[in-house]
Amino acid sequence: MAGRTRTTKKLAQRIDREYFKKVFPIPGLRRKLTYAALGVGVLWLGFHAVARNQTPYTAGPIVSAHAMFGQSCTACHVKTAIFSKSVSDQACSSCHDGPVHQASQKFAPACVDCHVEHQSVAQLKHVSEKACTDCHANLETKDGTLKVVAKEGARIGSFTDGHPEFTALRNNFKDPGTIKFNHNAHLKKETRGPNGNVLLKCADCHRPLGNNEAWPYGAPVVQAVAFEASNTTELRPATFGTLATPHSHISSRAYMGPVDYYEHCSSCHPLVFSKHVNVAVPHKKPEVVHQFVVKTLTDYIKQNPQALYENNLIFERIPERPLPAVPKDAAEWVTMRTAEAEQLLWQKTCKECHNLKLHLDAVPDIPKADVTSRWMQKGEFDHNAHAMVKCEECHAKAKESKETSDVLLPSIKSCQECHRPGTQTSAGAGCFECHQYHDWKQEKHVEGKFTIHDLLGRIVNKPDQAK
Amino acid sequence: MRIDQTQRPWIAATILLFAIATGVYIPYALLTLGGPRGGTALGLLYGALGYSMMLFAGLLGARKKYPIMRVGRAQTWMRGHLWLGLLSFPFILYHSGFMWRGSLTAWLMLLFLIVWVSGIAGAVIQHLVPRYMATQVPLETIYEEIPHVRQQLRDEADQLAVSICGELEQRKMAEAATTGEPQPAVATATLAEIEVADRNRFREVYLQRVKPFLENPEAASELSTPQTAAAAFESMRRLLPKPVHAVVDDLESICEEERQLVRQRKIYTWLHGWLIVHVPLSIALLVLGAIHAIVALTY
Amino acid sequence: MSDAQIQLTIDGKKVSCDPGTTIFDAARMNGIYIPTLCHQQNERPVGVCRVCVVDAGARVLPASCVRAAENNMVVSTNNEKVAKARHTLVEMLMADHPSPCARQRHSGDCELETLAARENITTLRYPRRVSPRGQDDSSLVIAVDHEACILCDRCMRGCDEIKGNFVIGRHGKGYKAGIAFDNNSPMGNSSCVSCGECMTDCPTGALTNKSTVRSTLPGEEIDVEELLNLPYFEKVSGTFLELNKHSVVKRRFRAGEVICREGEYGSTAFYILDGRAKVFVNTPMAHIKTHDSSTGWLKKLTSTLAKRSPETRRGVDVERTRSIPIDAPVDLPLDNPVAELGAGDLFGEMTCMSLYPRSATVVASTDCVMLEMLRNVLDIIQRNKTLRAQLDEKYRTRALQDHLRSVPMFAELDDSFIDVLRQRVELVRYSKGDVIVRQGEIADSFYLVRIGFVKVTEQHPGGDLVLAYLGRGGYFGEIGLLGGGRRTATVTALDHAEVVRIHAEEFQQMIDRYPNIRQSLTQVAHDRTEANEKRLETAVSMPLDSFLTQGLMEAQSLLVLDLEKCTRCDQCTRACADAHDGVTRLIREGLRYDKFLVATSCRQCRDPLCMVGCPVGSIRRRNSLEVVIEDWCIGCGLCAKNCPYGNISMHPIPGTEQGKAKVNYKATSCDLCTDLAEPSCVYACPHDAAHRVEPNEFFKWLGPDAFTEARR
């Protein structure tokens, strides 16, 4: 180029030596925006701070049950130390009681270790089974010893990995019930019923508690006469009404209702005792039966005095057998007939189901029935959830069971068919499907201390106040 | 800044740390009671590491205020900023367990995402643009001094014009004509041969075609692109007599320089403009992040 | 012989005179005019021009200026024979005379031409001589035109007999004969003292006064008589002084008045006649500092963290330099740069002779009377022996000691040694371009520079390498004191330089008493030889002859910015400013090579042009590469002008002058951050884009096509 030269000196002398000290558009804008961004952020938080509102800091939505006091974190986040406001157990226990699991457990986790808030319901109520396996995968106790039962549950990795067989099925445990029952005999194809052969189904005797349908074989052929006797106690076990433990998530129809003589047995097993009268003895204690027999026969002979002279047809048939004596009067007749009836009853009828202890001059002793209402004490089972499955799928041994002492609780293996952890095609296998952490038998009552104002943190209408 | 072989150690370290972090995260996420979240021990560790990386990255700005302080070379800090900043995002994601349900934490995650993405974009820009600038704008000067240099270019152009045609402004010319003052002597002997008419023509050409462009080179004009400018100057050369051509050549080179300065401005905006997003948000991020950390730890 | 008068007849007139009188004088005393050229009344007659010949009746016409009158001589001064002879003679002289000669043009009184006019010589029959005799322009005050010289020898007699300087003589024979100064040196380089005697004696325009522009020096005119009364103007021709009257004036200053300011440009020197003046450096003795907003505790914090040693400008080297060399008889001590000048002191020599900027500020302490003079007058008095002796003495007593002590070897000497040495030094003057010592010569002296600048160069196969520029207080040739060595470099005077020379023999006599001096001398010699060898090695490998545009090979260290990595973030500039109290020494602008920008920052050139002419010697090189500017820079801006790359910039620094605020300037330049481990710009670049690199290394980076034209 003609006159223009370009030398370092010329270029350098074009530049003002102090140029870098001024603030230029882009850095200036940057600076302003920095202050703006900081200002917005601080204002936002400051605004909430002034309104005593800590919603920006929440770690996530809280469950609806806690939502009403969710605005103020201090309801749960109580100040425990100078810079710590973690949720302590005391904070939870001001509303909830969580009884200890085992006294001998090595360490008791804090409430928040398992019940994680700010993550919706799923984590708060439904704790994952890792909470259990953290200890039970390798169980240790405070003093280092493990009781026998605990030993069984010391190496549980999951439902299918290390979970012991149900207690009732271990160690050749026998059903302690004293009522003799042979399932096989009752489930045979030709079972004799009051009106011919019947094929009994499980549900004809076993139905969930609370089911109010009519029993197919429920109406007894021989009506039991309501008989008020003294010193009788109700035979229905008291525990049947309170089977489900609190806080468990099974339905009210989880467990099978008790088997009742009148509803389930009486139509095929009537308690007749005499050809003269067509009544059944009440299914009550032997003293009551005896009194009933005596009364019924006395009433009968009063009304039918000619019966005094009738031969006992039974004995007539036996040749060479001397005929029994003829009763003199009604009383003797009653006595004689009573003896015969009681002989029938104690030796045959009652004996069919009960193990009587006969006494020579007194009514026999009938041991308590001891029918187990709930086989699994530590785990819950909901028959309602399994209603679609055939009974004999799980209770497979019932059909072939001939002994009363057979434990017909299905083995854990039948559960593990469907309840396998992890896969898409299985039912849940979490511990909390069946078990509870807290020992609810120790549950204490929580005394309510809060007013609505306390919970909501604002003035509320007291509905009962006079206006 | 170029991302070249010299950055290899950093890249290797970053990949390694990321692999380790992920390797630790996966079992943690699967096995932790309650799921992976910020409050668990590992979650806190990820959070602390991630935040310290962010803090280091953010302190680069402060480091630049004290450039000669012997706390590590600026290059180390820059590379640390780049790679640790890159790494901090996965760490914070692991810290959060991929959840950001709270109000503050959701905003933090959004801010962080913008900052991180803008940082990566900026790194790419700063990798590509300097080379582009070096090849496309050989006449570049210091950006902050562009107005000053342009002023000097305008003065130079004016002086060149004056050397041909005397006073530029009509008013001054008229005054000179009335008072009878002689026109300033022209320096070069050849220029003495230029007729008055040619001088006037030159003045016209200069004032109407060249000077407006120099005053405002960013407006569209015939001199705005090299091709049209070449044509324009060619036409000027045909219009004007030979002795003036040297000056026209000089004016052409001045215009070329002006064009390059305009170009430089535009490219520079790219080179530094992304910082307008990156820096303010990152400061806000660090402060809010600190608040989050303090509040979360106390609760 | 009796004292009786001699009687003779001249042109028919009876004349009587004392015995021994020449015919010329006898005629003159009796009103008879005989033209002369080579004869002057105040000089011994020699009779070489033969213009004054007369007819005394003999066969040969005698020259009347030398021939003594005899009794009964009949002299004819103007008869036909004489007239013809005279006419021809004048014609011949005029044939070679460059008419009108300088004297004729200036004052119209060229004696030859006047004589020719009187002789009515208008046309010349004889041709001009073929070989030119030339002119001599070297003297500052007298113009020599050999063409006009008629070899009358008046100048010789004036210089020898009247003034006794014995400078002018004759040389050559025949048509090559001419007058010569010393051994036929140019007049300005000779021992001529510019008294002007020859000039006033010369009849023609051979020796004339160089007319200077009639300057308008402010001040009183001073009478020639007054000047002649001054001791060092004695022996100067009054006519000469008359002619040079306008170049010297008398100045009166009241107490407190500023006589000259440092950094200003000037062309005069001052000689104090009466009174005392204070000379000092007014610019603050400090670095240039600019403050930005962050000061106070934060800066203290950063400076503790920055791990910088506190200002190391007061390094080892500087400690030895206890004084600032200035253009005056005395140097200013570094810790308190104030000194006093009194009657008889001459200052401002360098400014006057070589037009360097004023090196210090001089303020009158009492009412002063001074002479202010231009170069020609200074030159006159500088050659004056009386003044020279006076200057010598002053230098010896006042400045020599400091200068000697600044030499590392002599730093520890005791005063007695210095005293002895003091008397044995010789002050030698050199003119521009004179070689003081030559590489390879036998070394026999040690030199200190009293005034002016010298260039130290080393010859290399590829060219000459400038090692250093030395100004006042600089020294060279220590090896010479050992005796017997050879010079390792050539030292040339760049302008009117004066050096102090110490001969080795003088030195040897005393050195036995100081064995450690000998040891340090030997050490210095050894180090010097080693350094030279090393330099030779690197120099050979340097393509000194492939000199690229913008002279990159001149550099020893370039700051290059890799434009592909540079994000134009300005961190380098800010870091530089941070390391230098807010003043950046680097600008991110310059020419390019390939993808590199060579930034504007001191290149530590091999030939540091910036160093030439610093009036106070503040820009210099210490023992290593970097060019540093010391604190006492007076801000004259000469170095900034000299630097061809614009690497030195001037920064304003507030100061005071006599109570009033004033903005001074200081020069700043990159010093490679000597007090930090690494140059700050390189350290602070976040993208590895800034590098300080040697040119050879740089060219390796550029690749095989490095020597093609620069990209732009």
# chains A, B, ... in the order shown; residues from 1 in each chain; ligands from 1
call {"tool": "interface_residues", "arguments": {"of": "chain C", "to": "chain B", "cutoff": "6 Å", "atoms": "only C-alpha atoms", "output": "count of residues only"}}
result
10
call {"tool": "interface_residues", "arguments": {"of": "chain A", "to": "chain B", "cutoff": "9 Å", "atoms": "only C-alpha atoms", "output": "VMD selection string"}}
result
chain A and resid 1 to 4 11 14 to 16 19 to 20 22 24 26 to 27 29 to 42 45 55 to 61 73 77 to 79 82 to 87 113 to 116 118 to 119 123 127 to 131 134
call {"tool": "select_by_dssp", "arguments": {"residues": "stretch 554-684 of chain C", "states": "strand (DSSP E)", "output": "PDB file with C-alpha atoms, in the first residue's frame"}}
result
ATOM      1  CA  LEU C 558      10.402 -12.031  22.440  1.00  0.00           C
ATOM      2  CA  LEU C 559       7.000 -12.070  24.020  1.00  0.00           C
ATOM      3  CA  VAL C 560       4.821 -13.994  21.632  1.00  0.00           C
ATOM      4  CA  LEU C 561       1.124 -14.643  21.965  1.00  0.00           C
ATOM      5  CA  ASP C 562      -0.290 -17.710  20.304  1.00  0.00           C
ATOM      6  CA  ARG C 592       2.326 -11.131  13.422  1.00  0.00           C
ATOM      7  CA  TYR C 593       4.236 -14.132  12.315  1.00  0.00           C
ATOM      8  CA  PHE C 596       1.875 -15.653  16.674  1.00  0.00           C
ATOM      9  CA  LEU C 597       1.552 -12.065  17.651  1.00  0.00           C
ATOM     10  CA  VAL C 598       4.819 -10.490  18.706  1.00  0.00           C
ATOM     11  CA  ILE C 619      18.291   2.854  31.445  1.00  0.00           C
ATOM     12  CA  ARG C 620      20.876   0.188  31.509  1.00  0.00           C
ATOM     13  CA  ARG C 621      21.582  -3.436  31.531  1.00  0.00           C
ATOM     14  CA  VAL C 627      17.039  -3.798  30.250  1.00  0.00           C
ATOM     15  CA  VAL C 628      15.995  -1.983  33.382  1.00  0.00           C
ATOM     16  CA  ILE C 629      15.084   1.588  34.001  1.00  0.00           C
ATOM     17  CA  SER C 649       6.268   4.265  27.177  1.00  0.00           C
ATOM     18  CA  MET C 650       6.215   7.420  29.240  1.00  0.00           C
ATOM     19  CA  HIS C 651       3.919   7.618  32.195  1.00  0.00           C
ATOM     20  CA  PRO C 652       2.920  10.668  34.125  1.00  0.00           C
ATOM     21  CA  ILE C 653       3.836  10.779  37.771  1.00  0.00           C
ATOM     22  CA  PRO C 654       2.794  13.617  40.013  1.00  0.00           C
ATOM     23  CA  GLY C 655       5.538  15.618  41.588  1.00  0.00           C
ATOM     24  CA  THR C 656       6.246  19.104  42.777  1.00  0.00           C
ATOM     25  CA  GLU C 657       8.438  21.854  41.596  1.00  0.00           C
ATOM     26  CA  LYS C 660       3.789  23.737  42.940  1.00  0.00           C
ATOM     27  CA  ALA C 661       2.298  20.528  41.639  1.00  0.00           C
ATOM     28  CA  LYS C 662       3.738  19.365  38.364  1.00  0.00           C
ATOM     29  CA  VAL C 663       3.368  16.289  36.252  1.00  0.00           C
ATOM     30  CA  ASN C 664       6.628  14.543  35.609  1.00  0.00           C
ATOM     31  CA  TYR C 665       7.127  11.584  33.395  1.00  0.00           C
ATOM     32  CA  LYS C 666       8.979   8.370  33.799  1.00  0.00           C
ATOM     33  CA  ALA C 667       9.898   5.803  31.239  1.00  0.00           C
ATOM     34  CA  THR C 668       8.663   2.270  31.749  1.00  0.00           C
TER      35      THR C 668
END
call {"tool": "interface_residues", "arguments": {"of": "chain A", "to": "chain C", "cutoff": "8 Å", "atoms": "only C-alpha atoms", "output": "PyMOL selection string"}}
result
chain A and resi 7-13+15+17-18+20
call {"tool": "write_last_selection", "arguments": {"atoms": "N, CA and C atoms", "output": "mmCIF file, in the first residue's frame"}}
result
data_model
loop_
_atom_site.group_PDB
_atom_site.id
_atom_site.type_symbol
_atom_site.label_atom_id
_atom_site.label_comp_id
_atom_site.auth_asym_id
_atom_site.auth_seq_id
_atom_site.Cartn_x
_atom_site.Cartn_y
_atom_site.Cartn_z
ATOM 1 N N THR A 7 4.124 -0.665 11.279
ATOM 2 C CA THR A 7 5.231 -1.122 12.115
ATOM 3 C C THR A 7 4.733 -1.345 13.524
ATOM 4 N N THR A 8 5.503 -2.120 14.254
ATOM 5 C CA THR A 8 5.136 -2.392 15.633
ATOM 6 C C THR A 8 4.982 -1.101 16.419
ATOM 7 N N LYS A 9 5.898 -0.168 16.167
ATOM 8 C CA LYS A 9 5.850 1.061 16.955
ATOM 9 C C LYS A 9 4.575 1.835 16.674
ATOM 10 N N LYS A 10 4.211 1.884 15.396
ATOM 11 C CA LYS A 10 2.987 2.635 15.060
ATOM 12 C C LYS A 10 1.781 1.965 15.685
ATOM 13 N N LEU A 11 1.746 0.647 15.590
ATOM 14 C CA LEU A 11 0.599 -0.050 16.152
ATOM 15 C C LEU A 11 0.534 0.173 17.654
ATOM 16 N N ALA A 12 1.701 0.072 18.289
ATOM 17 C CA ALA A 12 1.694 0.190 19.742
ATOM 18 C C ALA A 12 1.292 1.581 20.178
ATOM 19 N N GLN A 13 1.706 2.568 19.387
ATOM 20 C CA GLN A 13 1.417 3.917 19.841
ATOM 21 C C GLN A 13 -0.029 4.305 19.614
ATOM 22 N N ILE A 15 -2.337 2.654 20.922
ATOM 23 C CA ILE A 15 -3.085 2.116 22.050
ATOM 24 C C ILE A 15 -2.843 2.952 23.294
ATOM 25 N N ARG A 17 -2.300 3.346 27.067
ATOM 26 C CA ARG A 17 -1.699 2.393 27.994
ATOM 27 C C ARG A 17 -2.591 2.019 29.159
ATOM 28 N N GLU A 18 -3.626 2.774 29.373
ATOM 29 C CA GLU A 18 -4.443 2.474 30.546
ATOM 30 C C GLU A 18 -5.791 1.865 30.159
ATOM 31 N N PHE A 20 -7.019 -1.009 29.910
ATOM 32 C CA PHE A 20 -7.627 -2.151 30.584
ATOM 33 C C PHE A 20 -8.219 -1.773 31.930
#
call {"tool": "closest_residue", "arguments": {"among": "B:Tyr94, B:Phe202, B:Trp10, B:Tyr46", "to": "B:Leu82", "atoms": "only C-alpha atoms"}}
result
B:Trp10
call {"tool": "residues_around", "arguments": {"residues": "C:Gly474", "least_positions_apart": "6", "cutoff": "8 Å", "atoms": "only C-alpha atoms", "output": "list in words"}}
result
His403, Leu448 and Val449 of chain C
call {"tool": "write_last_selection", "arguments": {"atoms": "N, CA and C atoms", "output": "mmCIF file, in the first residue's frame"}}
result
data_model
loop_
_atom_site.group_PDB
_atom_site.id
_atom_site.type_symbol
_atom_site.label_atom_id
_atom_site.label_comp_id
_atom_site.auth_asym_id
_atom_site.auth_seq_id
_atom_site.Cartn_x
_atom_site.Cartn_y
_atom_site.Cartn_z
ATOM 1 N N HIS C 403 33.268 7.437 40.558
ATOM 2 C CA HIS C 403 33.307 6.578 39.383
ATOM 3 C C HIS C 403 34.200 5.382 39.619
ATOM 4 N N LEU C 448 37.538 4.996 32.092
ATOM 5 C CA LEU C 448 36.255 5.383 32.665
ATOM 6 C C LEU C 448 35.676 6.467 31.765
ATOM 7 N N VAL C 449 34.405 6.440 31.573
ATOM 8 C CA VAL C 449 33.796 7.453 30.716
ATOM 9 C C VAL C 449 33.394 8.640 31.575
#
call {"tool": "residues_around", "arguments": {"residues": "A:Lys397", "least_positions_apart": "5", "cutoff": "9 Å", "atoms": "only C-alpha atoms", "output": "number ranges by chain"}}
result
A: 392, 406-410
call {"tool": "residues_around", "arguments": {"residues": "A:His359", "least_positions_apart": "4", "cutoff": "12 Å", "atoms": "only C-alpha atoms", "output": "list in words"}}
result
Pro286, Gln343, Trp346, Gln347, Val363, Pro364, Asp365 and Ile366 of chain A
call {"tool": "closest_residue", "arguments": {"among": "C:Phe417, C:Asp527, C:Leu37, C:Ala343", "to": "C:Arg513", "atoms": "only C-alpha atoms"}}
result
C:Phe417
call {"tool": "closest_residue", "arguments": {"among": "B:His81, B:Leu42, B:Ser118, B:Ala12", "to": "B:Leu59", "atoms": "only C-alpha atoms"}}
result
B:His81
